[in-house]
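Peer 1: So here's query-v7.cif (mmCIF, C-alpha atoms and all ligand atoms).
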data_my_file
#
loop_
_atom_site.group_PDB
_atom_site.id
_atom_site.type_symbol
_atom_site.label_atom_id
_atom_site.label_comp_id
_atom_site.auth_asym_id
_atom_site.auth_seq_id
_atom_site.Cartn_x
_atom_site.Cartn_y
_atom_site.Cartn_z
ATOM 1 C CA MET X 26 -33.886 2.826 14.535
ATOM 2 C CA LYS X 27 -31.043 4.683 16.260
ATOM 3 C CA ASN X 28 -30.292 1.595 18.348
ATOM 4 C CA LYS X 29 -30.457 -0.664 15.317
ATOM 5 C CA LEU X 30 -28.038 1.571 13.391
ATOM 6 C CA GLU X 31 -25.596 1.817 16.283
ATOM 7 C CA LYS X 32 -25.501 -1.978 16.491
ATOM 8 C CA ALA X 33 -24.923 -2.180 12.731
ATOM 9 C CA GLU X 34 -22.005 0.256 12.655
ATOM 10 C CA GLY X 35 -19.446 -2.577 12.445
ATOM 11 C CA ASP X 36 -21.133 -4.002 9.328
ATOM 12 C CA VAL X 37 -20.993 -0.618 7.590
ATOM 13 C CA VAL X 38 -17.352 -0.014 8.534
ATOM 14 C CA ARG X 39 -16.320 -3.519 7.393
ATOM 15 C CA ALA X 40 -18.249 -3.106 4.132
ATOM 16 C CA SER X 41 -16.481 0.168 3.439
ATOM 17 C CA ALA X 42 -13.053 -1.415 4.034
ATOM 18 C CA SER X 43 -13.727 -4.416 1.791
ATOM 19 C CA PHE X 44 -15.128 -2.152 -0.935
ATOM 20 C CA ALA X 45 -11.999 0.036 -0.773
ATOM 21 C CA ALA X 46 -9.712 -3.007 -0.983
ATOM 22 C CA ALA X 47 -11.630 -4.430 -3.968
ATOM 23 C CA ALA X 48 -11.738 -1.070 -5.772
ATOM 24 C CA GLN X 49 -7.991 -0.688 -5.240
ATOM 25 C CA GLU X 50 -7.286 -3.980 -6.985
ATOM 26 C CA GLY X 51 -10.012 -3.647 -9.620
ATOM 27 C CA SER X 52 -12.112 -6.527 -8.329
ATOM 28 C CA VAL X 53 -15.338 -4.764 -7.322
ATOM 29 C CA TYR X 54 -17.149 -6.982 -9.867
ATOM 30 C CA ALA X 55 -16.403 -10.012 -7.623
ATOM 31 C CA LEU X 56 -18.062 -8.595 -4.482
ATOM 32 C CA LYS X 57 -21.128 -10.569 -3.402
ATOM 33 C CA GLN X 58 -24.361 -8.784 -2.552
ATOM 34 C CA GLU X 59 -24.986 -11.089 0.423
ATOM 35 C CA ASP X 60 -21.799 -9.772 2.071
ATOM 36 C CA PHE X 61 -23.141 -6.208 1.953
ATOM 37 C CA LYS X 62 -26.311 -6.562 3.988
ATOM 38 C CA VAL X 63 -26.596 -4.724 7.302
ATOM 39 C CA GLY X 64 -27.512 -6.817 10.333
ATOM 40 C CA GLY X 65 -30.962 -5.919 11.670
ATOM 41 C CA VAL X 66 -31.487 -3.083 9.150
ATOM 42 C CA SER X 67 -33.288 -3.631 5.828
ATOM 43 C CA ALA X 68 -32.061 -2.326 2.459
ATOM 44 C CA ALA X 69 -35.027 0.067 2.335
ATOM 45 C CA GLU X 70 -34.102 1.420 5.771
ATOM 46 C CA MET X 71 -30.472 1.978 4.714
ATOM 47 C CA VAL X 72 -31.638 3.798 1.578
ATOM 48 C CA ALA X 73 -33.862 5.939 3.815
ATOM 49 C CA VAL X 74 -30.886 6.696 6.072
ATOM 50 C CA TYR X 75 -28.957 7.936 3.025
ATOM 51 C CA GLU X 76 -31.842 10.016 1.710
ATOM 52 C CA SER X 77 -33.092 11.551 4.939
ATOM 53 C CA ARG X 78 -29.803 11.818 6.893
ATOM 54 C CA MET X 79 -27.310 12.650 4.115
ATOM 55 C CA VAL X 80 -29.119 14.056 1.073
ATOM 56 C CA LYS X 81 -31.765 16.238 2.685
ATOM 57 C CA GLY X 82 -30.611 19.845 2.978
ATOM 58 C CA THR X 83 -30.822 20.151 6.754
ATOM 59 C CA SER X 84 -29.689 16.623 7.642
ATOM 60 C CA PRO X 85 -26.615 16.013 9.846
ATOM 61 C CA GLY X 86 -24.709 14.124 7.132
ATOM 62 C CA ARG X 87 -25.325 16.717 4.437
ATOM 63 C CA PHE X 88 -21.859 18.265 4.872
ATOM 64 C CA ILE X 89 -20.321 14.976 3.684
ATOM 65 C CA TYR X 90 -22.631 14.966 0.660
ATOM 66 C CA ASP X 91 -21.631 18.565 -0.109
ATOM 67 C CA GLU X 92 -17.909 17.836 0.272
ATOM 68 C CA ILE X 93 -18.155 15.019 -2.278
ATOM 69 C CA MET X 94 -20.238 17.186 -4.632
ATOM 70 C CA VAL X 95 -17.552 19.894 -4.785
ATOM 71 C CA SER X 96 -14.612 17.476 -4.964
ATOM 72 C CA SER X 97 -14.566 17.233 -8.756
ATOM 73 C CA ALA X 98 -12.170 19.511 -10.644
ATOM 74 C CA GLU X 99 -13.943 22.474 -12.269
ATOM 75 C CA GLY X 100 -17.280 21.021 -11.135
ATOM 76 C CA ARG X 101 -17.206 18.622 -14.081
ATOM 77 C CA CYS X 102 -18.746 15.176 -13.919
ATOM 78 C CA PRO X 103 -15.805 12.727 -13.823
ATOM 79 C CA LEU X 104 -17.867 10.021 -15.535
ATOM 80 C CA CYS X 105 -18.512 11.874 -18.818
ATOM 81 C CA GLY X 106 -15.846 14.577 -18.408
ATOM 82 C CA HIS X 107 -18.242 17.090 -19.905
ATOM 83 C CA ARG X 108 -21.430 18.013 -18.020
ATOM 84 C CA ASP X 109 -21.704 19.716 -14.608
ATOM 85 C CA VAL X 110 -21.891 17.775 -11.360
ATOM 86 C CA SER X 111 -25.436 17.916 -9.982
ATOM 87 C CA THR X 112 -25.830 14.791 -7.852
ATOM 88 C CA LEU X 113 -23.989 11.843 -6.298
ATOM 89 C CA ASP X 114 -23.898 8.433 -7.957
ATOM 90 C CA HIS X 115 -23.593 5.193 -5.986
ATOM 91 C CA HIS X 116 -20.839 3.214 -7.731
ATOM 92 C CA LEU X 117 -22.432 0.026 -6.378
ATOM 93 C CA PRO X 118 -26.217 0.434 -6.171
ATOM 94 C CA LYS X 119 -27.479 1.167 -2.656
ATOM 95 C CA LYS X 120 -30.472 -1.163 -2.964
ATOM 96 C CA LEU X 121 -28.277 -4.152 -3.835
ATOM 97 C CA PHE X 122 -25.398 -3.192 -1.504
ATOM 98 C CA PRO X 123 -27.172 -1.471 1.423
ATOM 99 C CA ALA X 124 -24.044 -1.553 3.619
ATOM 100 C CA LEU X 125 -22.487 0.862 1.072
ATOM 101 C CA ALA X 126 -25.457 3.258 0.956
ATOM 102 C CA VAL X 127 -23.622 5.926 2.984
ATOM 103 C CA THR X 128 -19.995 4.960 2.249
ATOM 104 C CA PRO X 129 -18.189 8.060 0.904
ATOM 105 C CA LEU X 130 -15.893 5.937 -1.307
ATOM 106 C CA ASN X 131 -18.987 4.512 -2.994
ATOM 107 C CA LEU X 132 -20.342 7.995 -3.730
ATOM 108 C CA ILE X 133 -19.123 9.727 -6.869
ATOM 109 C CA PRO X 134 -19.979 13.289 -7.920
ATOM 110 C CA ALA X 135 -21.881 12.999 -11.196
ATOM 111 C CA CYS X 136 -24.161 14.787 -13.612
ATOM 112 C CA SER X 137 -27.781 13.678 -13.584
ATOM 113 C CA GLU X 138 -27.504 12.190 -17.104
ATOM 114 C CA CYS X 139 -24.641 9.881 -16.111
ATOM 115 C CA ASN X 140 -26.477 9.030 -12.895
ATOM 116 C CA LYS X 141 -29.522 7.983 -14.935
ATOM 117 C CA THR X 142 -27.628 6.348 -17.793
ATOM 118 C CA LYS X 143 -25.580 4.029 -15.641
ATOM 119 C CA LEU X 144 -27.118 0.595 -15.363
ATOM 120 C CA HIS X 145 -28.228 -0.247 -11.867
ATOM 121 C CA GLY X 146 -26.827 -3.733 -12.092
ATOM 122 C CA VAL X 147 -23.396 -5.049 -11.276
ATOM 123 C CA ALA X 148 -20.539 -5.813 -13.666
ATOM 124 C CA GLY X 149 -20.232 -9.514 -14.477
ATOM 125 C CA SER X 150 -16.530 -9.497 -15.376
ATOM 126 C CA PRO X 151 -13.414 -7.346 -14.771
ATOM 127 C CA GLY X 152 -13.613 -5.630 -18.151
ATOM 128 C CA LYS X 153 -17.275 -4.678 -17.744
ATOM 129 C CA GLN X 154 -16.604 -2.463 -14.719
ATOM 130 C CA THR X 155 -17.067 1.227 -15.328
ATOM 131 C CA LEU X 156 -14.209 3.396 -14.098
ATOM 132 C CA HIS X 157 -14.212 4.613 -10.519
ATOM 133 C CA PRO X 158 -12.574 8.064 -10.577
ATOM 134 C CA TYR X 159 -11.112 7.746 -7.047
ATOM 135 C CA PHE X 160 -9.269 4.567 -7.970
ATOM 136 C CA GLU X 161 -8.609 4.623 -11.722
ATOM 137 C CA ASN X 162 -6.608 7.515 -13.052
ATOM 138 C CA VAL X 163 -6.605 7.286 -16.829
ATOM 139 C CA GLU X 164 -5.997 10.976 -17.384
ATOM 140 C CA SER X 165 -2.200 10.840 -17.507
ATOM 141 C CA ASP X 166 -2.233 8.973 -20.833
ATOM 142 C CA PRO X 167 -3.948 10.092 -24.032
ATOM 143 C CA TRP X 168 -6.642 7.556 -24.974
ATOM 144 C CA LEU X 169 -9.436 9.549 -26.621
ATOM 145 C CA VAL X 170 -9.064 10.128 -30.354
ATOM 146 C CA ALA X 171 -11.304 11.695 -32.968
ATOM 147 C CA GLU X 172 -11.673 10.882 -36.623
ATOM 148 C CA VAL X 173 -12.864 13.299 -39.297
ATOM 149 C CA ILE X 174 -15.424 11.713 -41.604
ATOM 150 C CA GLU X 175 -14.843 13.514 -44.869
ATOM 151 C CA GLY X 176 -18.036 14.691 -46.533
ATOM 152 C CA GLU X 177 -20.744 17.276 -46.341
ATOM 153 C CA PRO X 178 -21.639 17.767 -43.578
ATOM 154 C CA VAL X 179 -18.312 17.036 -41.901
ATOM 155 C CA VAL X 180 -18.787 14.567 -39.042
ATOM 156 C CA ILE X 181 -16.397 13.892 -36.157
ATOM 157 C CA VAL X 182 -16.480 10.507 -34.444
ATOM 158 C CA PHE X 183 -14.717 9.613 -31.206
ATOM 159 C CA LYS X 184 -12.980 6.387 -30.219
ATOM 160 C CA VAL X 185 -10.828 4.882 -27.514
ATOM 161 C CA ASP X 186 -7.241 4.243 -28.606
ATOM 162 C CA SER X 187 -5.561 2.629 -25.601
ATOM 163 C CA PRO X 188 -1.842 3.234 -24.918
ATOM 164 C CA ASP X 189 0.340 0.143 -25.461
ATOM 165 C CA HIS X 190 1.351 -0.137 -21.810
ATOM 166 C CA TRP X 191 -2.224 -0.572 -20.514
ATOM 167 C CA ASP X 192 -3.215 -4.114 -19.601
ATOM 168 C CA SER X 193 -6.087 -5.751 -21.471
ATOM 169 C CA VAL X 194 -8.578 -5.309 -18.603
ATOM 170 C CA LEU X 195 -7.988 -1.566 -18.385
ATOM 171 C CA CYS X 196 -8.372 -1.293 -22.193
ATOM 172 C CA GLU X 197 -11.701 -3.126 -21.994
ATOM 173 C CA ARG X 198 -12.892 -1.104 -19.005
ATOM 174 C CA VAL X 199 -12.221 2.229 -20.699
ATOM 175 C CA ARG X 200 -13.990 1.082 -23.881
ATOM 176 C CA HIS X 201 -16.897 -0.233 -21.804
ATOM 177 C CA HIS X 202 -17.119 2.992 -19.750
ATOM 178 C CA PHE X 203 -17.056 5.041 -22.958
ATOM 179 C CA GLN X 204 -20.035 3.105 -24.365
ATOM 180 C CA ALA X 205 -21.959 2.620 -21.092
ATOM 181 C CA PHE X 206 -22.209 6.377 -20.511
ATOM 182 C CA GLY X 207 -23.132 7.140 -24.122
ATOM 183 C CA LEU X 208 -19.999 9.224 -24.678
ATOM 184 C CA PRO X 209 -19.615 8.646 -28.466
ATOM 185 C CA ALA X 210 -22.986 10.323 -29.133
ATOM 186 C CA LEU X 211 -22.452 13.066 -26.527
ATOM 187 C CA TYR X 212 -19.041 14.018 -27.926
ATOM 188 C CA MET X 213 -20.192 13.801 -31.555
ATOM 189 C CA SER X 214 -23.054 16.250 -30.973
ATOM 190 C CA GLN X 215 -20.787 18.619 -29.049
ATOM 191 C CA ALA X 216 -18.301 18.501 -31.932
ATOM 192 C CA VAL X 217 -20.993 19.440 -34.468
ATOM 193 C CA GLN X 218 -21.875 22.512 -32.383
ATOM 194 C CA GLU X 219 -18.210 23.465 -31.985
ATOM 195 C CA LEU X 220 -17.634 23.183 -35.744
ATOM 196 C CA ASN X 221 -20.579 25.508 -36.355
ATOM 197 C CA ASN X 222 -19.171 27.970 -33.833
ATOM 198 C CA ILE X 223 -15.729 28.148 -35.440
ATOM 199 C CA SER X 224 -16.603 27.712 -39.119
ATOM 200 C CA HIS X 225 -16.851 31.416 -39.942
ATOM 201 C CA TYR X 226 -13.422 32.070 -38.437
ATOM 202 C CA LEU X 227 -11.870 29.065 -40.196
ATOM 203 C CA LYS X 228 -13.153 30.355 -43.535
ATOM 204 C CA GLN X 229 -11.593 33.758 -42.832
ATOM 205 C CA LEU X 230 -8.281 32.090 -42.022
ATOM 206 C CA PHE X 231 -8.467 30.077 -45.229
ATOM 207 C CA ASP X 232 -9.090 33.238 -47.291
ATOM 208 C CA ARG X 233 -6.073 34.904 -45.679
ATOM 209 C CA GLY X 234 -3.565 32.083 -45.661
ATOM 210 C CA GLY X 235 -4.988 28.916 -47.184
ATOM 211 C CA PRO X 236 -5.065 25.457 -45.610
ATOM 212 C CA ASP X 237 -1.713 25.888 -43.822
ATOM 213 C CA GLN X 238 -3.029 28.794 -41.790
ATOM 214 C CA VAL X 239 -6.154 26.812 -40.882
ATOM 215 C CA SER X 240 -4.000 23.894 -39.755
ATOM 216 C CA VAL X 241 -1.661 26.065 -37.647
ATOM 217 C CA TYR X 242 -4.624 27.657 -35.882
ATOM 218 C CA LEU X 243 -6.253 24.289 -35.185
ATOM 219 C CA GLU X 244 -2.979 22.843 -33.872
ATOM 220 C CA ASP X 245 -2.533 25.833 -31.506
ATOM 221 C CA GLN X 246 -6.040 25.214 -30.196
ATOM 222 C CA ALA X 247 -5.296 21.507 -29.765
ATOM 223 C CA VAL X 248 -2.118 22.228 -27.792
ATOM 224 C CA SER X 249 -3.913 24.628 -25.457
ATOM 225 C CA ARG X 250 -6.746 22.161 -24.834
ATOM 226 C CA ARG X 251 -4.326 19.246 -24.380
ATOM 227 C CA ILE X 252 -2.546 21.148 -21.606
ATOM 228 C CA ALA X 253 -5.895 21.648 -19.849
ATOM 229 C CA HIS X 254 -7.334 18.142 -20.422
ATOM 230 C CA VAL X 255 -5.496 15.361 -22.241
ATOM 231 C CA ASN X 256 -8.667 13.407 -23.001
ATOM 232 C CA SER X 257 -11.357 16.016 -23.520
ATOM 233 C CA TRP X 258 -13.437 15.739 -26.682
ATOM 234 C CA GLN X 259 -12.143 19.217 -27.562
ATOM 235 C CA THR X 260 -8.503 18.078 -27.441
ATOM 236 C CA ALA X 261 -9.299 15.026 -29.576
ATOM 237 C CA MET X 262 -11.351 17.059 -32.036
ATOM 238 C CA TYR X 263 -8.830 19.884 -32.591
ATOM 239 C CA THR X 264 -5.982 17.371 -32.883
ATOM 240 C CA ALA X 265 -7.848 15.407 -35.558
ATOM 241 C CA LEU X 266 -8.900 18.544 -37.466
ATOM 242 C CA ALA X 267 -5.377 20.023 -37.449
ATOM 243 C CA GLN X 268 -3.905 16.804 -38.833
ATOM 244 C CA ASN X 269 -6.554 16.293 -41.509
ATOM 245 C CA ARG X 270 -5.364 17.907 -44.742
ATOM 246 C CA TRP X 271 -8.706 17.331 -46.475
ATOM 247 C CA PHE X 272 -10.516 19.267 -43.734
ATOM 248 C CA CYS X 273 -8.065 22.213 -43.847
ATOM 249 C CA GLU X 274 -8.497 22.428 -47.632
ATOM 250 C CA ASN X 275 -12.290 22.168 -47.484
ATOM 251 C CA VAL X 276 -13.427 24.450 -44.655
ATOM 252 C CA GLY X 277 -15.608 26.081 -47.323
ATOM 253 C CA LEU X 278 -17.894 23.061 -47.009
ATOM 254 C CA LEU X 279 -18.785 23.970 -43.432
ATOM 255 C CA SER X 280 -22.383 25.083 -43.190
ATOM 256 C CA ARG X 281 -21.947 28.455 -41.445
HETATM 257 ZN ZN ZN X 301 -21.618 12.924 -16.522
#
Mind turning the file's structure into structure tokens?
Peer 2:
Amino acid sequence: MKNKLEKAEGDVVRASASFAAAAQEGSVYALKQEDFKVGGVSAAEMVAVYESRMVKGTSPGRFIYDEIMVSSAEGRCPLCGHRDVSTLDHHLPKKLFPALAVTPLNLIPACSECNKTKLHGVAGSPGKQTLHPYFENVESDPWLVAEVIEGEPVVIVFKVDSPDHWDSVLCERVRHHFQAFGLPALYMSQAVQELNNISHYLKQLFDRGGPDQVSVYLEDQAVSRRIAHVNSWQTAMYTALAQNRWFCENVGLLSR
């Protein structure tokens, strides 16, 4: 096996370079599986190399695995932007693209939910590619917005609102990523919990200073969260709540 792998090194290095070039120009969807086989080494053997020589705690490649695991800011999964990193996700599946099984650029720190949720197939068109956090930086522009659904109980829904200067493929990719990882439901349930946590305080503010005081507080919270993370669900939620006059006048409807 050692001999076979040493002979195949060129295939793995070439695969890594062509993956990097495609990811850079957003054309990973066009890569062909047949170009990512490893000469003389089966897909199952490459998967075994990853699992026994990179993942296993005492294996020689484990330090690379660990470096990628800790590379995400605040230990947050870059795919959902919410849960903790607990594993590595192959951007292109290792069984279908065995030459990329151990390629660091194909390994993304992720939470186990995102790792499981992601389809193990390959995107069929440019807009159906999920975002690769090493290559697509969408965090400098605000794109996540929340909407307050007026009623009892109050519900917050989340949507993608792309900036005007994004091209149509990037708009589609962000919307696709948002759906593919189940982020609307994740963010909505987090928002319900957050509303319950702050409702008692909002009611106190309302008793002291009416809807204006509620709005000022919510806007302060939005500003602070926006400075930390432009597109967190918290930023979107506090922004929407602060701007919603109906909500600020009706915090008494909150359940706690
Ligand atoms: Zn995640």
Peer 1: Could you spell out the hits of the PyMOL selection byres (((not hetatm)) within 10 of (chain X and resi 301)) on the shown file, as a PDB file with C-alpha atoms, in the coordinates of the input?
Peer 2:
ATOM      1  CA  ARG X 101     -17.206  18.622 -14.081  1.00  0.00           C
ATOM      2  CA  CYS X 102     -18.746  15.176 -13.919  1.00  0.00           C
ATOM      3  CA  PRO X 103     -15.805  12.727 -13.823  1.00  0.00           C
ATOM      4  CA  LEU X 104     -17.867  10.021 -15.535  1.00  0.00           C
ATOM      5  CA  CYS X 105     -18.512  11.874 -18.818  1.00  0.00           C
ATOM      6  CA  GLY X 106     -15.846  14.577 -18.408  1.00  0.00           C
ATOM      7  CA  HIS X 107     -18.242  17.090 -19.905  1.00  0.00           C
ATOM      8  CA  ARG X 108     -21.430  18.013 -18.020  1.00  0.00           C
ATOM      9  CA  ASP X 109     -21.704  19.716 -14.608  1.00  0.00           C
ATOM     10  CA  VAL X 110     -21.891  17.775 -11.360  1.00  0.00           C
ATOM     11  CA  SER X 111     -25.436  17.916  -9.982  1.00  0.00           C
ATOM     12  CA  THR X 112     -25.830  14.791  -7.852  1.00  0.00           C
ATOM     13  CA  ASP X 114     -23.898   8.433  -7.957  1.00  0.00           C
ATOM     14  CA  PRO X 134     -19.979  13.289  -7.920  1.00  0.00           C
ATOM     15  CA  ALA X 135     -21.881  12.999 -11.196  1.00  0.00           C
ATOM     16  CA  CYS X 136     -24.161  14.787 -13.612  1.00  0.00           C
ATOM     17  CA  SER X 137     -27.781  13.678 -13.584  1.00  0.00           C
ATOM     18  CA  GLU X 138     -27.504  12.190 -17.104  1.00  0.00           C
ATOM     19  CA  CYS X 139     -24.641   9.881 -16.111  1.00  0.00           C
ATOM     20  CA  ASN X 140     -26.477   9.030 -12.895  1.00  0.00           C
ATOM     21  CA  LYS X 141     -29.522   7.983 -14.935  1.00  0.00           C
ATOM     22  CA  THR X 142     -27.628   6.348 -17.793  1.00  0.00           C
ATOM     23  CA  LYS X 143     -25.580   4.029 -15.641  1.00  0.00           C
ATOM     24  CA  PHE X 206     -22.209   6.377 -20.511  1.00  0.00           C
ATOM     25  CA  GLY X 207     -23.132   7.140 -24.122  1.00  0.00           C
ATOM     26  CA  LEU X 208     -19.999   9.224 -24.678  1.00  0.00           C
TER      27      LEU X 208
END
Peer 1: If you count only C-alpha atoms, which residues fall within 12 Å of X:Ser280, apart from same-chain ones fewer than 4 positions away, as a PyMOL selection string?
Peer 2: chain X and resi 176-180+217-218+220-225+227-228+275-276
Peer 1: Which residues are near X:Glu92? Cut-off 12 Å, all atoms listed in the file, ignore same chain within fewer than 5 positions. Put them as an MDAnalysis selection string.
Peer 2: chainID X and resid 79:80 86:87 97 100 112:113 129 132:134
Peer 1: Since I can't run it myself right now, could you work out what the PyMOL selection byres (((chain X and resi 171) around 6) and not hetatm) selects here and report it as a list of chain:residue names?
Peer 2: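 Selection result, ordered by chain and number: X:Val170, X:Glu172, X:Val182, X:Phe183, X:Ala261, X:Met262, X:Ala265.
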Peer 1: Would you output that residue set with C-alpha atoms, as a short mmCIF file (atom, residue, chain, number, x, y, z; two decimals), keeping the file's coordinate frame?
Peer 2:
data_model
loop_
_atom_site.label_atom_id
_atom_site.label_comp_id
_atom_site.auth_asym_id
_atom_site.auth_seq_id
_atom_site.Cartn_x
_atom_site.Cartn_y
_atom_site.Cartn_z
CA VAL X 170 -9.06 10.13 -30.35
CA GLU X 172 -11.67 10.88 -36.62
CA VAL X 182 -16.48 10.51 -34.44
CA PHE X 183 -14.72 9.61 -31.21
CA ALA X 261 -9.30 15.03 -29.58
CA MET X 262 -11.35 17.06 -32.04
CA ALA X 265 -7.85 15.41 -35.56
#
Peer 1: If I take atom CA of X:Thr128 and atom CA of X:Gly146, how far is one from the other in Å, to one decimal?
Peer 2: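 Taking atom CA of X:Thr128 as the start and atom CA of X:Gly146 as the end point, the length is 18.1 Å.
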Peer 1: Padding 8 Å on every side, please: axis-aligned box over the listed atoms of stretch 175-186 of chain X, centre and edge lengths to one decimal in Å, as JSON.
Peer 2:
{"center_x": -14.4, "center_y": 11.0, "center_z": -37.0, "size_x": 30.4, "size_y": 29.5, "size_z": 35.0}
Peer 1: Which residue gives the smallest distance to X:Ala45 among X:Asn28, X:Ser77, X:Gln58, X:Asn131, with all atoms listed in the file counted?
Peer 2: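 Looking only at the distances to X:Ala45, the closest residue turns out to be X:Asn131.
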Peer 1: Any idea what the distance is between atom CA of X:Gln215 and atom CA of X:Gln229?
Peer 2: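 So the answer is 22.4 Å.
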Peer 1: Would you pick out the contacts of X:Leu30 at 10 Å or less, using only C-alpha atoms, so that residues sharing its chain but fewer than 3 positions from it are not included, and give the list as a ChimeraX atom specification?
Peer 2: /X:26-27,33-37,63-66,70-71,74
Peer 1: What does the distance from atom CA of X:Glu99 to atom CA of X:Ser165 come to in Å, to one decimal?
Peer 2: 17.3 Å
Peer 1: Counting all atoms listed in the file, note down every residue that has an atom within 10 Å of the point (-9.2, 19.2, -37.8) (file coordinates), as a PyMOL selection string.
Peer 2: chain X and resi 171-173+181+220+239-240+242-244+247+261-273+276
